[in-house]
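Source file: start_8.cif (mmCIF, C-alpha atoms and all ligand atoms)
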data_final
loop_
_atom_site.label_atom_id
_atom_site.label_comp_id
_atom_site.auth_asym_id
_atom_site.auth_seq_id
_atom_site.Cartn_x
_atom_site.Cartn_y
_atom_site.Cartn_z
CA MET B 192 -6.02 -6.36 -15.14
CA PRO B 193 -5.66 -4.71 -11.74
CA ILE B 194 -3.09 -5.82 -9.20
CA ILE B 195 -4.92 -7.12 -6.13
CA ALA B 196 -3.24 -6.61 -2.76
CA PRO B 197 -5.28 -7.99 0.14
CA SER B 198 -4.43 -6.29 3.44
CA LEU B 199 -3.70 -8.86 6.13
CA LEU B 200 -4.69 -6.34 8.78
CA ALA B 201 -8.21 -7.73 8.37
CA SER B 202 -7.11 -11.37 8.43
CA ASN B 203 -7.46 -13.83 11.30
CA PHE B 204 -4.13 -13.54 13.13
CA LEU B 205 -4.81 -16.78 14.98
CA ALA B 206 -4.83 -18.54 11.63
CA LEU B 207 -2.20 -16.54 9.79
CA GLY B 208 -0.71 -19.65 8.19
CA SER B 209 -3.96 -20.67 6.56
CA GLU B 210 -4.76 -17.06 5.59
CA CYS B 211 -1.40 -16.97 3.75
CA LYS B 212 -2.16 -20.32 2.12
CA MET B 213 -5.54 -19.03 0.97
CA LEU B 214 -3.88 -15.94 -0.59
CA ASN B 215 -1.17 -18.10 -2.20
CA GLU B 216 -3.80 -20.23 -3.87
CA SER B 217 -5.93 -17.25 -4.88
CA GLU B 218 -5.51 -14.70 -7.67
CA ALA B 219 -4.08 -12.19 -5.20
CA ASP B 220 -0.94 -10.60 -6.58
CA TRP B 221 0.60 -8.99 -3.51
CA PHE B 222 0.41 -9.30 0.27
CA HIS B 223 -0.30 -5.81 1.68
CA LEU B 224 1.24 -5.52 5.17
CA ASP B 225 0.25 -2.55 7.32
CA VAL B 226 2.77 -1.51 9.96
CA MET B 227 1.57 1.07 12.54
CA ASP B 228 3.59 2.60 15.36
CA GLY B 229 0.95 4.29 17.52
CA ILE B 230 2.64 7.66 16.88
CA PHE B 231 2.24 8.49 13.21
CA VAL B 232 -1.19 6.86 13.37
CA PRO B 233 -3.41 6.32 16.42
CA ASN B 234 -3.13 2.52 16.31
CA ILE B 235 -0.54 -0.24 16.62
CA SER B 236 -0.62 -3.27 14.33
CA PHE B 237 2.26 -5.68 13.77
CA GLY B 238 5.90 -5.40 12.86
CA LEU B 239 9.11 -7.12 11.85
CA PRO B 240 8.78 -10.59 13.43
CA VAL B 241 5.33 -11.10 11.92
CA ILE B 242 6.50 -10.01 8.47
CA GLU B 243 9.50 -12.34 8.77
CA GLN B 244 7.10 -15.24 9.35
CA ILE B 245 4.79 -14.21 6.52
CA ARG B 246 7.83 -14.06 4.22
CA THR B 247 8.46 -17.77 4.82
CA ALA B 248 4.82 -18.53 3.91
CA THR B 249 4.67 -16.91 0.46
CA SER B 250 6.66 -16.18 -2.65
CA LYS B 251 4.22 -13.43 -3.69
CA ILE B 252 5.28 -9.80 -3.46
CA CYS B 253 5.30 -8.40 0.10
CA ASP B 254 4.05 -4.82 -0.12
CA VAL B 255 4.90 -3.21 3.21
CA HIS B 256 3.04 0.00 4.10
CA LEU B 257 4.86 1.81 6.89
CA MET B 258 2.61 4.10 8.91
CA ILE B 259 5.46 5.02 11.20
CA GLU B 260 7.65 7.98 12.14
CA ARG B 261 11.33 7.88 11.11
CA PRO B 262 10.93 5.04 8.58
CA GLY B 263 14.54 5.46 7.45
CA GLU B 264 15.76 3.97 10.73
CA TYR B 265 13.97 0.71 9.93
CA ALA B 266 14.31 0.35 6.15
CA GLU B 267 17.18 -2.13 6.37
CA ALA B 268 15.33 -4.23 8.95
CA PHE B 269 12.24 -4.41 6.74
CA LYS B 270 14.42 -5.47 3.80
CA LYS B 271 15.84 -8.26 5.96
CA ALA B 272 12.35 -9.24 7.08
CA GLY B 273 11.41 -9.75 3.43
CA ALA B 274 9.79 -6.58 2.07
CA ASP B 275 9.78 -6.27 -1.72
CA ILE B 276 8.06 -2.88 -1.79
CA LEU B 277 8.56 -0.40 1.05
CA THR B 278 6.11 2.48 1.24
CA VAL B 279 6.71 5.45 3.51
CA HIS B 280 4.34 8.32 4.26
CA TYR B 281 4.99 11.71 2.70
CA GLU B 282 3.83 13.29 5.98
CA ALA B 283 6.42 11.34 8.02
CA CYS B 284 9.40 12.18 5.79
CA PRO B 285 10.96 15.65 5.85
CA HIS B 286 13.80 14.16 3.78
CA LEU B 287 11.67 12.10 1.42
CA HIS B 288 14.20 12.08 -1.43
CA ARG B 289 16.82 10.60 0.90
CA ASN B 290 14.34 7.95 2.11
CA LEU B 291 13.57 6.92 -1.46
CA GLN B 292 17.24 6.60 -2.39
CA GLN B 293 17.84 4.52 0.72
CA ILE B 294 14.98 2.13 -0.10
CA LYS B 295 16.23 1.71 -3.66
CA SER B 296 19.81 1.18 -2.54
CA LEU B 297 18.48 -1.69 -0.40
CA GLU B 298 17.03 -3.17 -3.62
CA MET B 299 13.37 -2.68 -2.76
CA LYS B 300 10.75 -0.83 -4.79
CA ALA B 301 10.08 2.58 -3.25
CA GLY B 302 6.54 3.69 -2.46
CA VAL B 303 5.13 6.95 -1.09
CA ALA B 304 1.74 7.09 0.64
CA LEU B 305 -0.35 10.26 0.79
CA ASN B 306 -2.89 11.00 3.51
CA PRO B 307 -6.32 12.15 2.27
CA HIS B 308 -5.42 15.84 2.85
CA THR B 309 -2.09 15.73 0.99
CA PRO B 310 -2.29 16.89 -2.66
CA VAL B 311 -0.74 14.62 -5.30
CA GLN B 312 1.01 17.74 -6.67
CA PHE B 313 3.35 17.62 -3.64
CA LEU B 314 5.09 14.71 -5.41
CA GLU B 315 5.94 16.71 -8.57
CA ASP B 316 9.63 17.08 -7.74
CA VAL B 317 10.21 13.51 -6.67
CA LEU B 318 7.91 11.52 -8.95
CA ASP B 319 10.77 10.17 -11.09
CA ASP B 320 12.19 8.48 -7.99
CA ILE B 321 8.97 6.71 -6.95
CA ASP B 322 7.91 3.23 -8.06
CA LEU B 323 4.48 3.35 -6.42
CA VAL B 324 2.19 6.04 -5.03
CA CYS B 325 -0.26 4.81 -2.42
CA ILE B 326 -3.22 7.20 -2.30
CA MET B 327 -4.94 6.75 1.04
CA SER B 328 -8.69 6.76 0.57
CA VAL B 329 -9.27 6.71 4.34
CA ASN B 330 -7.34 8.28 7.19
CA PRO B 331 -4.66 5.69 7.93
CA GLY B 332 -4.73 3.69 11.14
CA PHE B 333 -7.74 1.43 10.87
CA GLY B 334 -9.32 -1.03 8.50
CA GLY B 335 -13.02 -1.06 7.75
CA GLN B 336 -13.55 2.68 7.14
CA SER B 337 -15.55 4.27 4.31
CA PHE B 338 -13.93 5.34 1.06
CA ILE B 339 -13.45 9.12 0.76
CA PRO B 340 -14.99 10.06 -2.65
CA HIS B 341 -12.53 12.93 -3.41
CA THR B 342 -9.86 10.23 -3.85
CA ILE B 343 -11.19 9.60 -7.36
CA ASP B 344 -10.11 13.14 -8.42
CA LYS B 345 -6.68 12.58 -6.88
CA ILE B 346 -6.23 9.38 -8.90
CA ARG B 347 -7.12 11.22 -12.13
CA GLN B 348 -4.71 14.07 -11.37
CA LEU B 349 -1.87 11.72 -10.49
CA LYS B 350 -2.48 9.54 -13.55
CA LYS B 351 -2.14 12.63 -15.74
CA MET B 352 1.10 13.69 -14.02
CA ILE B 353 2.54 10.19 -14.57
CA LYS B 354 1.44 10.07 -18.23
CA ASP B 355 2.67 13.57 -19.02
CA ARG B 356 6.10 12.62 -17.69
CA GLY B 357 6.18 9.28 -19.52
CA LEU B 358 6.68 7.38 -16.25
CA HIS B 359 5.46 3.94 -15.19
CA THR B 360 4.73 4.72 -11.54
CA LEU B 361 2.00 2.50 -10.13
CA ILE B 362 -1.02 4.03 -8.41
CA GLU B 363 -2.29 2.06 -5.41
CA ILE B 364 -5.55 2.80 -3.61
CA ASP B 365 -5.76 1.91 0.06
CA GLY B 366 -8.83 2.08 2.26
CA GLY B 367 -12.52 1.35 1.90
CA VAL B 368 -12.20 -0.46 -1.45
CA THR B 369 -15.29 -2.58 -2.15
CA LEU B 370 -16.69 -4.58 -5.03
CA THR B 371 -19.07 -1.66 -5.58
CA ASN B 372 -16.56 1.21 -5.84
CA ALA B 373 -13.57 -0.66 -7.32
CA LYS B 374 -14.61 -0.20 -10.96
CA ALA B 375 -14.75 3.60 -10.63
CA ILE B 376 -11.36 3.55 -8.90
CA LEU B 377 -9.85 1.56 -11.78
CA ASN B 378 -11.53 3.74 -14.41
CA ALA B 379 -9.92 6.78 -12.81
CA GLY B 380 -6.50 5.20 -13.36
CA ALA B 381 -5.56 3.08 -10.35
CA ASP B 382 -3.33 0.05 -10.92
CA VAL B 383 -3.35 -1.60 -7.49
CA LEU B 384 -6.33 -2.25 -5.22
CA VAL B 385 -5.68 -2.83 -1.53
CA ALA B 386 -8.61 -4.54 0.16
CA GLY B 387 -8.81 -5.63 3.77
CA ASN B 388 -12.32 -6.10 5.07
CA THR B 389 -13.80 -6.58 1.61
CA VAL B 390 -11.65 -9.69 1.17
CA PHE B 391 -11.19 -11.19 4.62
CA LYS B 392 -14.66 -10.52 6.02
CA SER B 393 -16.42 -11.87 2.94
CA GLU B 394 -17.99 -15.30 2.91
CA ASN B 395 -15.58 -16.54 0.27
CA PRO B 396 -12.34 -14.52 0.23
CA THR B 397 -10.92 -16.44 -2.74
CA ALA B 398 -14.00 -15.66 -4.82
CA THR B 399 -13.93 -12.01 -3.72
CA ILE B 400 -10.31 -11.71 -4.84
CA ALA B 401 -11.24 -13.29 -8.19
CA ALA B 402 -14.15 -10.84 -8.54
CA LEU B 403 -11.86 -7.85 -7.90
CA LYS B 404 -9.30 -9.23 -10.35
CA ALA B 405 -11.96 -9.63 -13.04
CA LEU B 406 -13.10 -5.98 -12.86
C1 LIG T 1 -5.38 1.58 6.78
C2 LIG T 1 -4.52 0.56 6.09
C3 LIG T 1 -5.25 -0.23 5.08
C4 LIG T 1 -6.37 -1.05 5.63
C5 LIG T 1 -7.40 -1.21 4.55
O1 LIG T 1 -4.59 2.38 7.58
O2 LIG T 1 -3.44 1.18 5.42
O3 LIG T 1 -4.38 -1.03 4.30
O4 LIG T 1 -5.96 -2.31 6.08
O5 LIG T 1 -8.48 -1.87 5.10
P1 LIG T 1 -9.91 -1.79 4.44
O6 LIG T 1 -9.76 -2.35 3.06
O7 LIG T 1 -10.72 -2.67 5.34
O8 LIG T 1 -10.32 -0.37 4.45
ZN ZN T 2 -2.23 -0.05 3.92
#
Go ahead and express the file in the form of structure tokens.
Ligand code: DX5
Ligand code: ZN
Amino acid sequence: MPIIAPSLLASNFLALGSECKMLNESEADWFHLDVMDGIFVPNISFGLPVIEQIRTATSKICDVHLMIERPGEYAEAFKKAGADILTVHYEACPHLHRNLQQIKSLEMKAGVALNPHTPVQFLEDVLDDIDLVCIMSVNPGFGGQSFIPHTIDKIRQLKKMIKDRGLHTLIEIDGGVTLTNAKAILNAGADVLVAGNTVFKSENPTATIAALKAL
């Protein structure tokens, strides 16, 4: 069964408490939390104080996706705020190996996100150190964009790399996931589905999460 990680970027921030309650009572596995700095991506979302509050509202896994420059300077703060998984962008990390070791030394799972133009092969030399690869299926910065079809090939290629090496790295897909394309994404080898608009803008988010989980 896939891991379902609703992205709270698409939630109602005025009702964050009840959105968290809804996710807690749903079949959602993780809370996907998108942090944007307005520099690495052309948008600003939320940061540490919001994540700290969300942490008090759930015991589910907090999957923090950092779309920020210099993530190493903030890793400890995100650990303190309650992150269980900390994902940094390949494109923001000239010293990626160091970033991954830092995240693991802080006792978080270490994730690496790849922009749509970044080949999965760029992770060859560091794959053993990664717990999760987040393949971006849209250009990061905004929810509600359309899924880029080439992502399916990237999932297949990465799955093969992981299998060939005998690793257990999770593959997460982030951006434009819908009830229509999710099956193909899972068939290609994805383990984790991030879904923002598909969940929170649906008539019945709990049922949508259950439908994704049942795929
Ligand atoms: C995009 C974020 C995504 C986003 C997904 O930069 O990383 O997590 O919230 O939203 P949807 O599912 O609406 O594309
Ligand atoms: Zn994300």
Legend entry - Selected residue, from B:His341, B:Lys295, B:His308, B:Lys251, that lies nearest to B:Ala219 when counting only C-alpha atoms: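 The shortest atom-to-atom distance to B:Ala219 comes from B:Lys251.
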Enumerate as a PDB file with C-alpha atoms, keeping the file's coordinate frame the residues within 6 Å of ligand LIG 1 (chain T), counting only C-alpha atoms and all ligand atoms.
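As a result, result.pdb now contains:
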ATOM      1  CA  SER B 198      -4.430  -6.290   3.440  1.00  0.00           C
ATOM      2  CA  LEU B 200      -4.690  -6.340   8.780  1.00  0.00           C
ATOM      3  CA  ASP B 225       0.250  -2.550   7.320  1.00  0.00           C
ATOM      4  CA  PRO B 331      -4.660   5.690   7.930  1.00  0.00           C
ATOM      5  CA  GLY B 332      -4.730   3.690  11.140  1.00  0.00           C
ATOM      6  CA  PHE B 333      -7.740   1.430  10.870  1.00  0.00           C
ATOM      7  CA  GLY B 334      -9.320  -1.030   8.500  1.00  0.00           C
ATOM      8  CA  GLY B 335     -13.020  -1.060   7.750  1.00  0.00           C
ATOM      9  CA  GLN B 336     -13.550   2.680   7.140  1.00  0.00           C
ATOM     10  CA  ASP B 365      -5.760   1.910   0.060  1.00  0.00           C
ATOM     11  CA  GLY B 366      -8.830   2.080   2.260  1.00  0.00           C
ATOM     12  CA  GLY B 367     -12.520   1.350   1.900  1.00  0.00           C
ATOM     13  CA  VAL B 368     -12.200  -0.460  -1.450  1.00  0.00           C
ATOM     14  CA  ALA B 386      -8.610  -4.540   0.160  1.00  0.00           C
ATOM     15  CA  GLY B 387      -8.810  -5.630   3.770  1.00  0.00           C
ATOM     16  CA  ASN B 388     -12.320  -6.100   5.070  1.00  0.00           C
TER      17      ASN B 388
END
Legend entry - Selection within 12 Å of ligand ZN 2 (chain T) by all atoms listed in the file, output as number ranges by chain: B: 196-201, 221-227, 232, 236, 253-259, 277-280, 302-306, 324-335, 363-368, 383-388
Legend entry - Two-atom distance - atom CA of B:Cys284, atom CA of B:Arg246 (Å): 26.3 Å
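If you look at atom CA of B:Phe231 and atom CA of B:Ala283, they are 7.2 Å away from each other.
Using all atoms listed in the file, the smallest distance between any of B:Gly208, B:Pro233, B:Pro285, B:Gly380 and B:Ile343 comes from B:Gly380.
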Legend entry - Shell around B:Ser250 at 12 Å using all atoms listed in the file, local window under 6 positions removed, as an MDAnalysis selection string: chainID B and resid 211:212 214:216 219:222 273:275
Legend entry - Selected residue, from B:Ile321, B:Ala373, B:Leu314, B:Ile230, that lies nearest to B:Gln293 when counting all atoms listed in the file: B:Ile321
Legend entry - Of the listed residues B:Ile294, B:Val311, B:Ala381, B:Ala402, that which approaches B:Glu264 most closely, counting all atoms listed in the file: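 When distances to B:Glu264 are compared using all atoms listed in the file, the smallest one comes from B:Ile294.
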Inset, instruction - Would you list the contacts of B:Leu406 as a PyMOL selection string, taking every protein, DNA or RNA residue within 8 Å and counting only C-alpha atoms, but skipping same-chain residues closer than 6 positions in sequence? - result: chain B and resi 192-193+373-374
